[in-house]
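Below is protein_17.pdb, holding PDB, C-alpha atoms and all ligand atoms.
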```pdb
ATOM      1  CA  MET A1055     105.217 118.793  71.322
ATOM      2  CA  SER A1056     104.740 115.885  68.937
ATOM      3  CA  ASN A1057     101.530 113.880  68.812
ATOM      4  CA  ILE A1058     103.212 110.995  67.011
ATOM      5  CA  SER A1059     102.473 107.648  68.675
ATOM      6  CA  PRO A1060     105.356 105.556  69.990
ATOM      7  CA  ILE A1061     106.845 103.961  66.872
ATOM      8  CA  PRO A1062     106.451 100.319  68.044
ATOM      9  CA  SER A1063     102.717 100.964  68.531
ATOM     10  CA  LEU A1064     102.479 102.233  64.932
ATOM     11  CA  PHE A1065     103.928  98.996  63.553
ATOM     12  CA  SER A1066     102.194  96.238  65.506
ATOM     13  CA  THR A1067      98.874  94.393  65.760
ATOM     14  CA  PRO A1068      98.267  93.963  69.499
ATOM     15  CA  GLY A1069      95.320  91.706  70.320
ATOM     16  CA  LYS A1070      94.096  91.650  66.711
ATOM     17  CA  ILE A1071      92.348  88.655  65.168
ATOM     18  CA  ALA A1072      93.469  87.666  61.680
ATOM     19  CA  VAL A1073      92.597  85.156  58.980
ATOM     20  CA  VAL A1074      95.210  84.078  56.423
ATOM     21  CA  THR A1075      94.217  82.008  53.399
ATOM     22  CA  GLY A1076      96.955  79.839  51.954
ATOM     23  CA  GLY A1077      98.540  80.107  55.403
ATOM     24  CA  SER A1078     100.029  76.616  55.453
ATOM     25  CA  ARG A1079     103.211  77.512  53.545
ATOM     26  CA  GLY A1080     105.015  80.143  51.476
ATOM     27  CA  LEU A1081     103.941  83.776  51.651
ATOM     28  CA  GLY A1082     100.825  82.951  53.679
ATOM     29  CA  LEU A1083     102.884  81.243  56.369
ATOM     30  CA  HIS A1084     105.249  84.258  56.454
ATOM     31  CA  ALA A1085     102.182  86.501  56.898
ATOM     32  CA  ALA A1086     100.738  84.349  59.696
ATOM     33  CA  THR A1087     104.109  84.259  61.489
ATOM     34  CA  ALA A1088     104.531  88.022  61.164
ATOM     35  CA  LEU A1089     101.031  88.722  62.482
ATOM     36  CA  LEU A1090     101.598  86.538  65.552
ATOM     37  CA  LEU A1091     105.004  88.146  66.154
ATOM     38  CA  SER A1092     103.460  91.618  65.868
ATOM     39  CA  GLY A1093     100.918  90.826  68.592
ATOM     40  CA  CYS A1094      97.816  89.186  67.107
ATOM     41  CA  SER A1095      95.893  87.184  69.681
ATOM     42  CA  LYS A1096      94.501  84.722  67.132
ATOM     43  CA  VAL A1097      95.512  83.880  63.562
ATOM     44  CA  TYR A1098      93.276  81.435  61.700
ATOM     45  CA  ILE A1099      95.041  79.788  58.795
ATOM     46  CA  THR A1100      93.371  77.866  56.035
ATOM     47  CA  SER A1101      94.383  75.755  53.033
ATOM     48  CA  ARG A1102      93.002  72.586  51.412
ATOM     49  CA  LYS A1103      95.236  70.034  53.123
ATOM     50  CA  ALA A1104      94.343  69.467  56.778
ATOM     51  CA  ALA A1105      97.714  67.865  57.588
ATOM     52  CA  ALA A1106      99.626  70.810  56.126
ATOM     53  CA  CYS A1107      97.484  73.248  58.132
ATOM     54  CA  GLU A1108      98.067  71.282  61.349
ATOM     55  CA  GLU A1109     101.822  71.163  60.716
ATOM     56  CA  ALA A1110     101.921  74.901  60.059
ATOM     57  CA  VAL A1111      99.883  75.649  63.194
ATOM     58  CA  ALA A1112     102.245  73.520  65.302
ATOM     59  CA  ALA A1113     105.234  75.449  63.913
ATOM     60  CA  LEU A1114     103.479  78.803  64.368
ATOM     61  CA  ASN A1115     102.520  78.054  67.967
ATOM     62  CA  ALA A1116     106.112  77.041  68.710
ATOM     63  CA  THR A1117     107.438  80.402  67.451
ATOM     64  CA  LYS A1118     109.436  82.201  70.161
ATOM     65  CA  GLY A1119     108.078  85.550  71.301
ATOM     66  CA  ILE A1120     104.403  85.102  70.447
ATOM     67  CA  THR A1121     101.560  85.445  72.933
ATOM     68  CA  GLY A1122      98.663  84.653  70.591
ATOM     69  CA  LYS A1123      97.782  81.366  68.955
ATOM     70  CA  ALA A1124      97.387  79.952  65.486
ATOM     71  CA  ILE A1125      94.270  77.938  64.649
ATOM     72  CA  SER A1126      93.791  75.646  61.667
ATOM     73  CA  ILE A1127      90.555  75.526  59.655
ATOM     74  CA  PRO A1128      91.202  73.586  56.434
ATOM     75  CA  ALA A1129      88.969  74.575  53.492
ATOM     76  CA  ASP A1130      89.064  74.573  49.700
ATOM     77  CA  ILE A1131      88.173  78.192  49.080
ATOM     78  CA  SER A1132      87.789  77.678  45.332
ATOM     79  CA  LYS A1133      84.346  76.257  46.285
ATOM     80  CA  PRO A1134      81.614  78.689  47.431
ATOM     81  CA  GLU A1135      80.174  76.221  49.946
ATOM     82  CA  GLU A1136      83.606  75.825  51.520
ATOM     83  CA  ILE A1137      83.954  79.608  51.875
ATOM     84  CA  THR A1138      80.615  79.627  53.705
ATOM     85  CA  ARG A1139      81.731  76.741  55.940
ATOM     86  CA  LEU A1140      85.066  78.445  56.680
ATOM     87  CA  VAL A1141      83.335  81.664  57.769
ATOM     88  CA  LYS A1142      80.865  79.684  59.927
ATOM     89  CA  GLU A1143      83.763  77.838  61.602
ATOM     90  CA  ILE A1144      85.502  81.160  62.329
ATOM     91  CA  GLU A1145      82.239  82.568  63.753
ATOM     92  CA  LYS A1146      82.054  79.671  66.225
ATOM     93  CA  ASP A1147      85.276  80.935  67.809
ATOM     94  CA  THR A1148      85.148  84.737  67.473
ATOM     95  CA  ASN A1149      82.531  87.450  66.984
ATOM     96  CA  HIS A1150      84.865  89.629  64.895
ATOM     97  CA  VAL A1151      87.911  89.619  62.630
ATOM     98  CA  ASP A1152      90.306  92.579  62.291
ATOM     99  CA  ILE A1153      92.565  91.470  59.446
ATOM    100  CA  LEU A1154      91.921  89.249  56.419
ATOM    101  CA  ILE A1155      94.907  88.247  54.285
ATOM    102  CA  ALA A1156      93.375  86.848  51.083
ATOM    103  CA  ASN A1157      96.527  85.160  49.896
ATOM    104  CA  ALA A1158      95.792  81.652  48.530
ATOM    105  CA  GLY A1159      96.513  81.486  44.826
ATOM    106  CA  ALA A1160      97.335  79.178  41.946
ATOM    107  CA  THR A1161      99.020  79.486  38.567
ATOM    108  CA  TRP A1162      99.113  77.652  35.253
ATOM    109  CA  GLY A1163     101.752  77.761  32.521
ATOM    110  CA  ALA A1164     101.304  76.520  28.955
ATOM    111  CA  PRO A1165     102.360  77.622  25.454
ATOM    112  CA  TYR A1166     100.099  79.905  23.468
ATOM    113  CA  GLY A1167      97.926  77.847  21.140
ATOM    114  CA  SER A1168      97.413  75.047  23.673
ATOM    115  CA  TRP A1169      95.319  76.923  26.229
ATOM    116  CA  LYS A1170      92.096  75.333  27.395
ATOM    117  CA  LYS A1171      89.232  76.984  29.260
ATOM    118  CA  GLU A1172      89.919  74.869  32.343
ATOM    119  CA  TYR A1173      93.352  76.525  32.761
ATOM    120  CA  TRP A1174      91.537  79.845  32.949
ATOM    121  CA  ASP A1175      88.745  78.681  35.211
ATOM    122  CA  LYS A1176      90.996  77.111  37.847
ATOM    123  CA  VAL A1177      93.178  80.201  38.204
ATOM    124  CA  MET A1178      90.498  82.878  37.880
ATOM    125  CA  THR A1179      88.210  81.057  40.326
ATOM    126  CA  LEU A1180      90.779  80.849  43.128
ATOM    127  CA  ASN A1181      92.711  84.077  42.468
ATOM    128  CA  VAL A1182      89.768  86.399  41.825
ATOM    129  CA  THR A1183      86.285  84.971  42.402
ATOM    130  CA  SER A1184      87.086  83.311  45.725
ATOM    131  CA  VAL A1185      88.855  86.441  46.990
ATOM    132  CA  PHE A1186      85.764  88.539  46.292
ATOM    133  CA  MET A1187      83.334  85.942  47.701
ATOM    134  CA  LEU A1188      85.417  85.481  50.860
ATOM    135  CA  VAL A1189      85.654  89.232  51.506
ATOM    136  CA  GLN A1190      81.908  89.535  50.903
ATOM    137  CA  GLU A1191      81.093  86.724  53.347
ATOM    138  CA  MET A1192      83.516  88.032  55.955
ATOM    139  CA  THR A1193      82.357  91.652  55.799
ATOM    140  CA  PRO A1194      80.053  91.395  58.865
ATOM    141  CA  LEU A1195      82.924  89.941  60.928
ATOM    142  CA  LEU A1196      85.360  92.572  59.618
ATOM    143  CA  ALA A1197      82.913  95.422  60.232
ATOM    144  CA  LYS A1198      82.016  94.379  63.786
ATOM    145  CA  ASN A1199      84.852  96.154  65.659
ATOM    146  CA  ALA A1200      86.011  98.485  62.874
ATOM    147  CA  THR A1201      86.172 102.200  63.682
ATOM    148  CA  ILE A1202      87.547 105.342  62.033
ATOM    149  CA  ALA A1203      90.482 105.352  64.448
ATOM    150  CA  ASP A1204      91.055 101.600  64.242
ATOM    151  CA  PRO A1205      89.871 100.281  60.878
ATOM    152  CA  SER A1206      89.826  96.605  59.916
ATOM    153  CA  ARG A1207      91.969  95.458  56.982
ATOM    154  CA  VAL A1208      91.706  93.337  53.874
ATOM    155  CA  ILE A1209      95.026  92.603  52.203
ATOM    156  CA  THR A1210      95.047  90.701  48.928
ATOM    157  CA  THR A1211      98.171  89.019  47.623
ATOM    158  CA  ALA A1212      98.329  90.050  43.970
ATOM    159  CA  SER A1213     101.565  89.862  41.925
ATOM    160  CA  VAL A1214     103.749  92.099  39.792
ATOM    161  CA  ALA A1215     102.449  89.832  37.008
ATOM    162  CA  GLY A1216      99.278  91.916  37.311
ATOM    163  CA  ILE A1217     101.039  95.239  36.680
ATOM    164  CA  LYS A1218     104.117  94.713  34.495
ATOM    165  CA  GLY A1219     105.197  93.232  31.164
ATOM    166  CA  PHE A1220     104.523  89.575  30.533
ATOM    167  CA  SER A1221     106.573  86.469  29.877
ATOM    168  CA  THR A1222     105.731  84.291  26.919
ATOM    169  CA  GLY A1223     107.032  80.922  25.653
ATOM    170  CA  PRO A1224     106.234  77.383  26.789
ATOM    171  CA  ASN A1225     105.171  78.371  30.314
ATOM    172  CA  ALA A1226     103.211  81.517  29.576
ATOM    173  CA  THR A1227     100.854  82.308  32.454
ATOM    174  CA  TYR A1228      98.021  84.139  30.700
ATOM    175  CA  SER A1229      95.318  83.390  33.251
ATOM    176  CA  TYR A1230      97.643  84.180  36.164
ATOM    177  CA  SER A1231      98.617  87.658  34.945
ATOM    178  CA  ALA A1232      94.972  88.424  34.093
ATOM    179  CA  SER A1233      93.844  87.155  37.508
ATOM    180  CA  LYS A1234      96.378  89.281  39.367
ATOM    181  CA  ALA A1235      95.432  92.429  37.414
ATOM    182  CA  ALA A1236      91.814  91.597  38.262
ATOM    183  CA  VAL A1237      92.454  91.068  41.967
ATOM    184  CA  ILE A1238      94.267  94.419  42.173
ATOM    185  CA  HIS A1239      91.288  96.098  40.534
ATOM    186  CA  VAL A1240      88.650  94.319  42.610
ATOM    187  CA  THR A1241      90.605  95.216  45.773
ATOM    188  CA  LYS A1242      90.367  98.900  44.770
ATOM    189  CA  HIS A1243      86.644  98.444  44.121
ATOM    190  CA  LEU A1244      86.274  96.833  47.561
ATOM    191  CA  ALA A1245      88.189  99.774  49.066
ATOM    192  CA  VAL A1246      85.470 102.074  47.727
ATOM    193  CA  THR A1247      82.634  99.883  49.052
ATOM    194  CA  LEU A1248      84.171  98.994  52.406
ATOM    195  CA  GLY A1249      86.013 102.238  53.286
ATOM    196  CA  PRO A1250      82.770 103.698  54.700
ATOM    197  CA  LYS A1251      82.407 100.529  56.800
ATOM    198  CA  ARG A1252      85.900 101.318  58.195
ATOM    199  CA  ILE A1253      87.504  98.365  56.409
ATOM    200  CA  LEU A1254      90.616  99.303  54.415
ATOM    201  CA  CYS A1255      91.468  97.185  51.358
ATOM    202  CA  ASN A1256      94.953  97.082  49.842
ATOM    203  CA  SER A1257      97.033  94.738  47.675
ATOM    204  CA  ILE A1258     100.608  93.537  47.860
ATOM    205  CA  ALA A1259     102.137  92.689  44.475
ATOM    206  CA  PRO A1260     105.204  90.509  45.088
ATOM    207  CA  GLY A1261     107.885  89.721  42.539
ATOM    208  CA  PHE A1262     109.651  86.367  42.861
ATOM    209  CA  PHE A1263     109.831  84.954  46.399
ATOM    210  CA  PRO A1264     111.093  81.364  46.681
ATOM    211  CA  SER A1265     108.068  79.135  47.455
ATOM    212  CA  LYS A1266     106.506  75.886  46.264
ATOM    213  CA  MET A1267     104.570  77.787  43.605
ATOM    214  CA  ALA A1268     107.426  80.027  42.478
ATOM    215  CA  ASN A1269     110.353  77.597  42.567
ATOM    216  CA  ALA A1270     109.468  75.791  39.334
ATOM    217  CA  LEU A1271     109.261  79.105  37.452
ATOM    218  CA  ILE A1272     112.405  80.427  39.127
ATOM    219  CA  ASP A1273     114.245  77.342  37.807
ATOM    220  CA  ILE A1274     112.794  77.761  34.313
ATOM    221  CA  TYR A1275     114.037  81.377  34.217
ATOM    222  CA  GLY A1276     117.587  80.408  35.178
ATOM    223  CA  GLY A1277     117.499  79.942  38.957
ATOM    224  CA  THR A1278     117.624  82.177  42.019
ATOM    225  CA  ASP A1279     121.110  83.620  41.419
ATOM    226  CA  GLN A1280     120.436  84.480  37.796
ATOM    227  CA  LEU A1281     117.078  86.136  38.565
ATOM    228  CA  ALA A1282     118.571  87.977  41.528
ATOM    229  CA  LYS A1283     121.334  89.383  39.295
ATOM    230  CA  GLN A1284     118.733  90.575  36.780
ATOM    231  CA  ASN A1285     116.733  92.439  39.423
ATOM    232  CA  LEU A1286     117.360  96.149  40.051
ATOM    233  CA  ASN A1287     118.330  95.636  43.705
ATOM    234  CA  GLY A1288     120.258  92.418  43.065
ATOM    235  CA  ARG A1289     118.036  89.955  44.907
ATOM    236  CA  LEU A1290     114.703  88.161  45.151
ATOM    237  CA  GLY A1291     112.125  88.572  47.907
ATOM    238  CA  LEU A1292     112.875  87.514  51.473
ATOM    239  CA  GLU A1293     110.530  86.467  54.305
ATOM    240  CA  ASP A1294     111.174  89.795  56.063
ATOM    241  CA  ASP A1295     110.048  91.739  52.992
ATOM    242  CA  PHE A1296     106.615  90.117  52.988
ATOM    243  CA  ALA A1297     106.372  90.080  56.802
ATOM    244  CA  GLY A1298     107.191  93.786  57.047
ATOM    245  CA  THR A1299     104.700  94.806  54.357
ATOM    246  CA  VAL A1300     101.919  92.691  55.893
ATOM    247  CA  VAL A1301     102.566  94.181  59.341
ATOM    248  CA  PHE A1302     102.631  97.725  57.923
ATOM    249  CA  LEU A1303      99.323  97.246  56.070
ATOM    250  CA  SER A1304      97.760  95.669  59.192
ATOM    251  CA  SER A1305      99.012  98.321  61.662
ATOM    252  CA  LYS A1306      98.067 101.769  62.856
ATOM    253  CA  ALA A1307     100.866 103.123  60.614
ATOM    254  CA  SER A1308      98.720 102.436  57.524
ATOM    255  CA  SER A1309      95.324 103.414  58.931
ATOM    256  CA  HIS A1310      94.921 106.126  56.241
ATOM    257  CA  VAL A1311      96.050 103.856  53.370
ATOM    258  CA  ASN A1312      93.166 102.496  51.293
ATOM    259  CA  GLY A1313      92.971 101.105  47.761
ATOM    260  CA  VAL A1314      96.683 100.979  46.993
ATOM    261  CA  VAL A1315      98.870  98.274  45.524
ATOM    262  CA  ILE A1316     102.402  97.938  46.880
ATOM    263  CA  PRO A1317     104.801  96.339  44.377
ATOM    264  CA  LEU A1318     107.207  94.227  46.430
ATOM    265  CA  ASP A1319     109.899  93.334  43.939
ATOM    266  CA  GLY A1320     112.928  95.587  44.391
ATOM    267  CA  GLY A1321     111.642  97.728  41.517
ATOM    268  CA  GLY A1322     111.762  94.971  38.896
ATOM    269  CA  HIS A1323     108.293  95.831  37.573
ATOM    270  CA  LEU A1324     109.676  99.159  36.338
ATOM    271  CA  VAL A1325     111.808  97.427  33.714
ATOM    272  CA  GLY A1326     109.771  94.237  33.070
ATOM    273  CA  ASP A1327     111.066  90.946  31.700
ATOM    274  CA  ILE A1328     113.597  90.794  28.920
ATOM    275  CA  PHE A1329     111.496  90.070  25.823
ATOM    276  CA  LYS A1330     112.174  86.796  24.025
ATOM    277  CA  PRO A1331     110.140  86.007  20.883
ATOM    278  CA  ASP A1332     107.653  83.217  21.460
ATOM    279  CA  GLU A1333     108.896  80.218  19.437
ATOM    280  CA  ASP A1334     105.650  78.365  20.039
ATOM    281  CA  ALA A1335     103.309  81.068  18.834
ATOM    282  CA  PRO A1336     101.762  80.680  15.352
ATOM    283  CA  LYS A1337     103.903  82.563  12.807
ATOM    284  CA  SER A1338     102.460  85.707  11.241
ATOM    285  CA  LYS A1339     101.897  85.580   7.482
ATOM    286  CA  LEU A1340     102.625  89.331   7.165
TER     287      LEU A1340
HETATM  288  N1  LIG B1401     106.068  83.235  45.582
HETATM  289  C1  LIG B1401     106.057  84.160  44.647
HETATM  290  O1  LIG B1401     107.058  84.410  43.962
HETATM  291  C2  LIG B1401     104.814  84.960  44.408
HETATM  292  C3  LIG B1401     104.921  86.114  43.627
HETATM  293  C4  LIG B1401     103.789  86.871  43.391
HETATM  294  C5  LIG B1401     102.586  86.505  43.946
HETATM  295  N2  LIG B1401     102.496  85.380  44.693
HETATM  296  C6  LIG B1401     101.185  85.039  45.247
HETATM  297  O2  LIG B1401     101.329  84.763  46.613
HETATM  298  C7  LIG B1401     100.292  83.876  47.032
HETATM  299  C8  LIG B1401     100.920  82.726  47.786
HETATM  300  O3  LIG B1401     101.797  82.048  46.902
HETATM  301  P1  LIG B1401     103.061  81.201  47.392
HETATM  302  O4  LIG B1401     104.176  81.534  46.500
HETATM  303  O5  LIG B1401     103.217  81.318  48.851
HETATM  304  O6  LIG B1401     102.545  79.757  46.955
HETATM  305  P2  LIG B1401     102.515  78.353  47.689
HETATM  306  O7  LIG B1401     103.716  78.145  48.521
HETATM  307  O8  LIG B1401     102.190  77.379  46.617
HETATM  308  O9  LIG B1401     101.266  78.490  48.688
HETATM  309  C9  LIG B1401      99.950  78.495  48.216
HETATM  310  C10 LIG B1401      99.037  78.334  49.401
HETATM  311  O10 LIG B1401      97.678  78.397  48.946
HETATM  312  C11 LIG B1401      96.989  77.211  49.402
HETATM  313  N3  LIG B1401      95.942  76.892  48.447
HETATM  314  C12 LIG B1401      96.077  76.540  47.152
HETATM  315  N4  LIG B1401      94.872  76.290  46.607
HETATM  316  C13 LIG B1401      93.953  76.505  47.594
HETATM  317  C14 LIG B1401      92.544  76.390  47.672
HETATM  318  N5  LIG B1401      91.799  76.008  46.604
HETATM  319  N6  LIG B1401      91.940  76.673  48.847
HETATM  320  C15 LIG B1401      92.645  77.028  49.933
HETATM  321  N7  LIG B1401      93.989  77.153  49.918
HETATM  322  C16 LIG B1401      94.631  76.883  48.770
HETATM  323  C17 LIG B1401      98.083  76.151  49.510
HETATM  324  O11 LIG B1401      97.789  75.083  50.378
HETATM  325  P3  LIG B1401      97.038  73.704  49.903
HETATM  326  O12 LIG B1401      97.826  73.147  48.780
HETATM  327  O13 LIG B1401      97.012  72.864  51.143
HETATM  328  O14 LIG B1401      95.654  74.127  49.491
HETATM  329  C18 LIG B1401      99.202  77.016  50.111
HETATM  330  O15 LIG B1401      98.973  77.197  51.494
HETATM  331  C19 LIG B1401      99.550  83.459  45.764
HETATM  332  O16 LIG B1401      98.387  84.236  45.607
HETATM  333  C20 LIG B1401     100.549  83.793  44.669
HETATM  334  O17 LIG B1401      99.932  84.027  43.437
HETATM  335  C21 LIG B1401     103.576  84.587  44.933
END
```
Turn this file's structure into structure tokens for me.
Ligand SMILES: NC(=O)c1ccc[n+]([C@@H]2O[C@H](COP(=O)([O-])OP(=O)(O)OC[C@H]3O[C@@H](n4cnc5c(N)ncnc54)[C@H](OP(=O)(O)O)[C@@H]3O)[C@@H](O)[C@H]2O)c1
Amino acid sequence: MSNISPIPSLFSTPGKIAVVTGGSRGLGLHAATALLLSGCSKVYITSRKAAACEEAVAALNATKGITGKAISIPADISKPEEITRLVKEIEKDTNHVDILIANAGATWGAPYGSWKKEYWDKVMTLNVTSVFMLVQEMTPLLAKNATIADPSRVITTASVAGIKGFSTGPNATYSYSASKAAVIHVTKHLAVTLGPKRILCNSIAPGFFPSKMANALIDIYGGTDQLAKQNLNGRLGLEDDFAGTVVFLSSKASSHVNGVVIPLDGGGHLVGDIFKPDEDAPKSKL
């Protein structure tokens, strides 16, 4: 006789409490929607703009088929004091958190030779430092109800930019690719530290998914259709792709998965970008 749990119970998050950074739009909003649809009782979303958070929460709470609720706590998590305030606000409403989706991110594109330190600082601060500081500050909440059988989860949104070949040219994203490689690595380091506290830490590394952040780059690289044609499976990312991966990494089905990165790009990272020489780079004298 099989001891396998009923399959719907392996891929769901009944009664769980989640926090999603960058939850007001794009991939974070897909994650928040998916977590409510899979059974979470509360999903706190955060981003800088209060109005955007409120709008997202209204849409989330109007989603058919959910029993839990979305709650908005706006915060600029690039600032340490705001991370502390965010965690304090969450603590006013709950004594534990089961799932943290550290998803908020930023990018910067500029030609080689014109890069300034501020382009690095902005991206590295939000994409790496704030992820680590937030996980650190939320560890007591995440550890509270975590058990061997039912571990809590940290999921970081990295990018295939952190694991594959790199684009160059006028919109080269040096700090972004470095930040995403760093967040993958720090997530593995957190997996080592937090595994014994029964908190599993994993990364998702998406390829292109249409979103406010990605759309400008998608246009620069020839548009959705062109990029879809170039990808191994003939398309870009869809809401369901991110939703399904978030639910898997938050569910019982993945309760023995710790310290991995899941590339979510139809396999595109295996072949990388088509190399084009960088016209803006200083010419070699050799
Ligand atoms: N879409 C893609 O193709 C793709 C591919 C690979 C990886 N990713 C990663 O996926 C994550 C989400 O990106 P997305 O494409 O969904 O971008 P997006 O639509 O631009 O969403 C970014 C979210 O982060 C929030 N945010 C930005 N700065 C913040 C700050 N300082 N504090 C708190 N929240 C902040 C934004 O809201 P506010 O403006 O209100 O703060 C928004 O909710 C990022 O980490 C990104 O690097 C995206």
- Name the residues in contact with stretch 1139-1148 of chain A at a cut-off of 8 Å, using only C-alpha atoms, excluding same-chain residues fewer than 6 positions from it; report them as a ChimeraX atom specification. /A:1098,1127-1129,1191-1192,1195
- Identify all residues satisfying the PyMOL selection byres (((chain A and resi 1078-1085) around 9) and not hetatm) in the given file; provide them as an MDAnalysis selection string. chainID A and resid 1074:1077 1086:1090 1099:1101 1103 1106:1111 1114 1126 1155:1158 1211 1263:1267 1293:1294 1296:1298 1300:1301
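One finds atom P2 of ligand LIG 1401 (chain B) at 15.1 Å from atom CA of A:Ala1104.
Pairwise distance (atom CA of A:Val1325, atom CA of A:Ile1274) equals 19.7 Å.
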- What residues come out when you apply the PyMOL selection byres (((chain A and resi 1203) around 12) and not hetatm) to this file, written as a list in words? Asn1199, Ala1200, Thr1201, Ile1202, Asp1204, Pro1205, Ser1206, Arg1252, Ile1253, Leu1254, Ser1305, Lys1306, Ala1307, Ser1308, Ser1309 and His1310 of chain A
- Item | Residues matched by the PyMOL selection byres (((chain A and resi 1326) around 10) and not hetatm) as a ChimeraX atom specification | /A:1214-1215,1217-1221,1285,1321-1325,1327-1329
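Rounded to one decimal, atom CA of A:Thr1179 and atom C1 of ligand LIG 1401 (chain B) lie 18.6 Å from each other.
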First collect every listed atom of ligand LIG 1401 (chain B); then fit an axis-aligned box around them, widen it by 3 Å on each side, and give centre and edge lengths in Å to one decimal, as lines of an AutoDock Vina configuration file.
```
center_x = 99.4
center_y = 79.9
center_z = 47.4
size_x = 21.3
size_y = 20.0
size_z = 14.1
```
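Ranking A:Leu1154, A:Val1246, A:Ala1232, A:Leu1303 by their shortest atom-to-atom distance to A:Trp1174, with all atoms listed in the file included, puts A:Ala1232 first.
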- Which of A:Asn1225, A:Asn1115, A:Met1187, A:Leu1091 sits closest to A:Asp1273 [using all atoms listed in the file]: A:Asn1225
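Using only C-alpha atoms and all ligand atoms for every distance, the candidate list A:Ile1071, A:Ala1259, A:Leu1196, A:Ala1235 yields A:Ala1259 as the residue closest to ligand LIG 1401 (chain B).
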Using all atoms listed in the file, can you list as a PDB file with C-alpha atoms, in the coordinates of the input the residues within 10 Å of (96.9, 86.6, 32.5)?
```
ATOM      1  CA  THR A1161      99.020  79.486  38.567  1.00  0.00           C
ATOM      2  CA  TRP A1162      99.113  77.652  35.253  1.00  0.00           C
ATOM      3  CA  TRP A1174      91.537  79.845  32.949  1.00  0.00           C
ATOM      4  CA  VAL A1177      93.178  80.201  38.204  1.00  0.00           C
ATOM      5  CA  MET A1178      90.498  82.878  37.880  1.00  0.00           C
ATOM      6  CA  ALA A1215     102.449  89.832  37.008  1.00  0.00           C
ATOM      7  CA  GLY A1216      99.278  91.916  37.311  1.00  0.00           C
ATOM      8  CA  PHE A1220     104.523  89.575  30.533  1.00  0.00           C
ATOM      9  CA  ALA A1226     103.211  81.517  29.576  1.00  0.00           C
ATOM     10  CA  THR A1227     100.854  82.308  32.454  1.00  0.00           C
ATOM     11  CA  TYR A1228      98.021  84.139  30.700  1.00  0.00           C
ATOM     12  CA  SER A1229      95.318  83.390  33.251  1.00  0.00           C
ATOM     13  CA  TYR A1230      97.643  84.180  36.164  1.00  0.00           C
ATOM     14  CA  SER A1231      98.617  87.658  34.945  1.00  0.00           C
ATOM     15  CA  ALA A1232      94.972  88.424  34.093  1.00  0.00           C
ATOM     16  CA  SER A1233      93.844  87.155  37.508  1.00  0.00           C
ATOM     17  CA  LYS A1234      96.378  89.281  39.367  1.00  0.00           C
ATOM     18  CA  ALA A1235      95.432  92.429  37.414  1.00  0.00           C
ATOM     19  CA  ALA A1236      91.814  91.597  38.262  1.00  0.00           C
TER      20      ALA A1236
END
```
- Who sits within 7 Å of A:Leu1318, only C-alpha atoms, same chain under 4 positions skipped, as a list in words: Ile1258, Ala1259, Pro1260 and Gly1261 of chain A
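Closest to ligand LIG 1401 (chain B) among A:Asp1152, A:Asp1319, A:Asp1130, A:Asp1295 is A:Asp1130, based on only C-alpha atoms and all ligand atoms.
Among A:Ile1272, A:Ala1072, A:Ala1113, A:Leu1244, the residue with the shortest atom-to-atom distance to ligand LIG 1401 (chain B), counting all atoms listed in the file, is A:Ile1272.
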- Task: Could you check which of A:Gly1159, A:Gly1223, A:Gly1249, A:Pro1317 is closest to ligand LIG 1401 (chain B), using all atoms listed in the file?
- Result: A:Gly1159
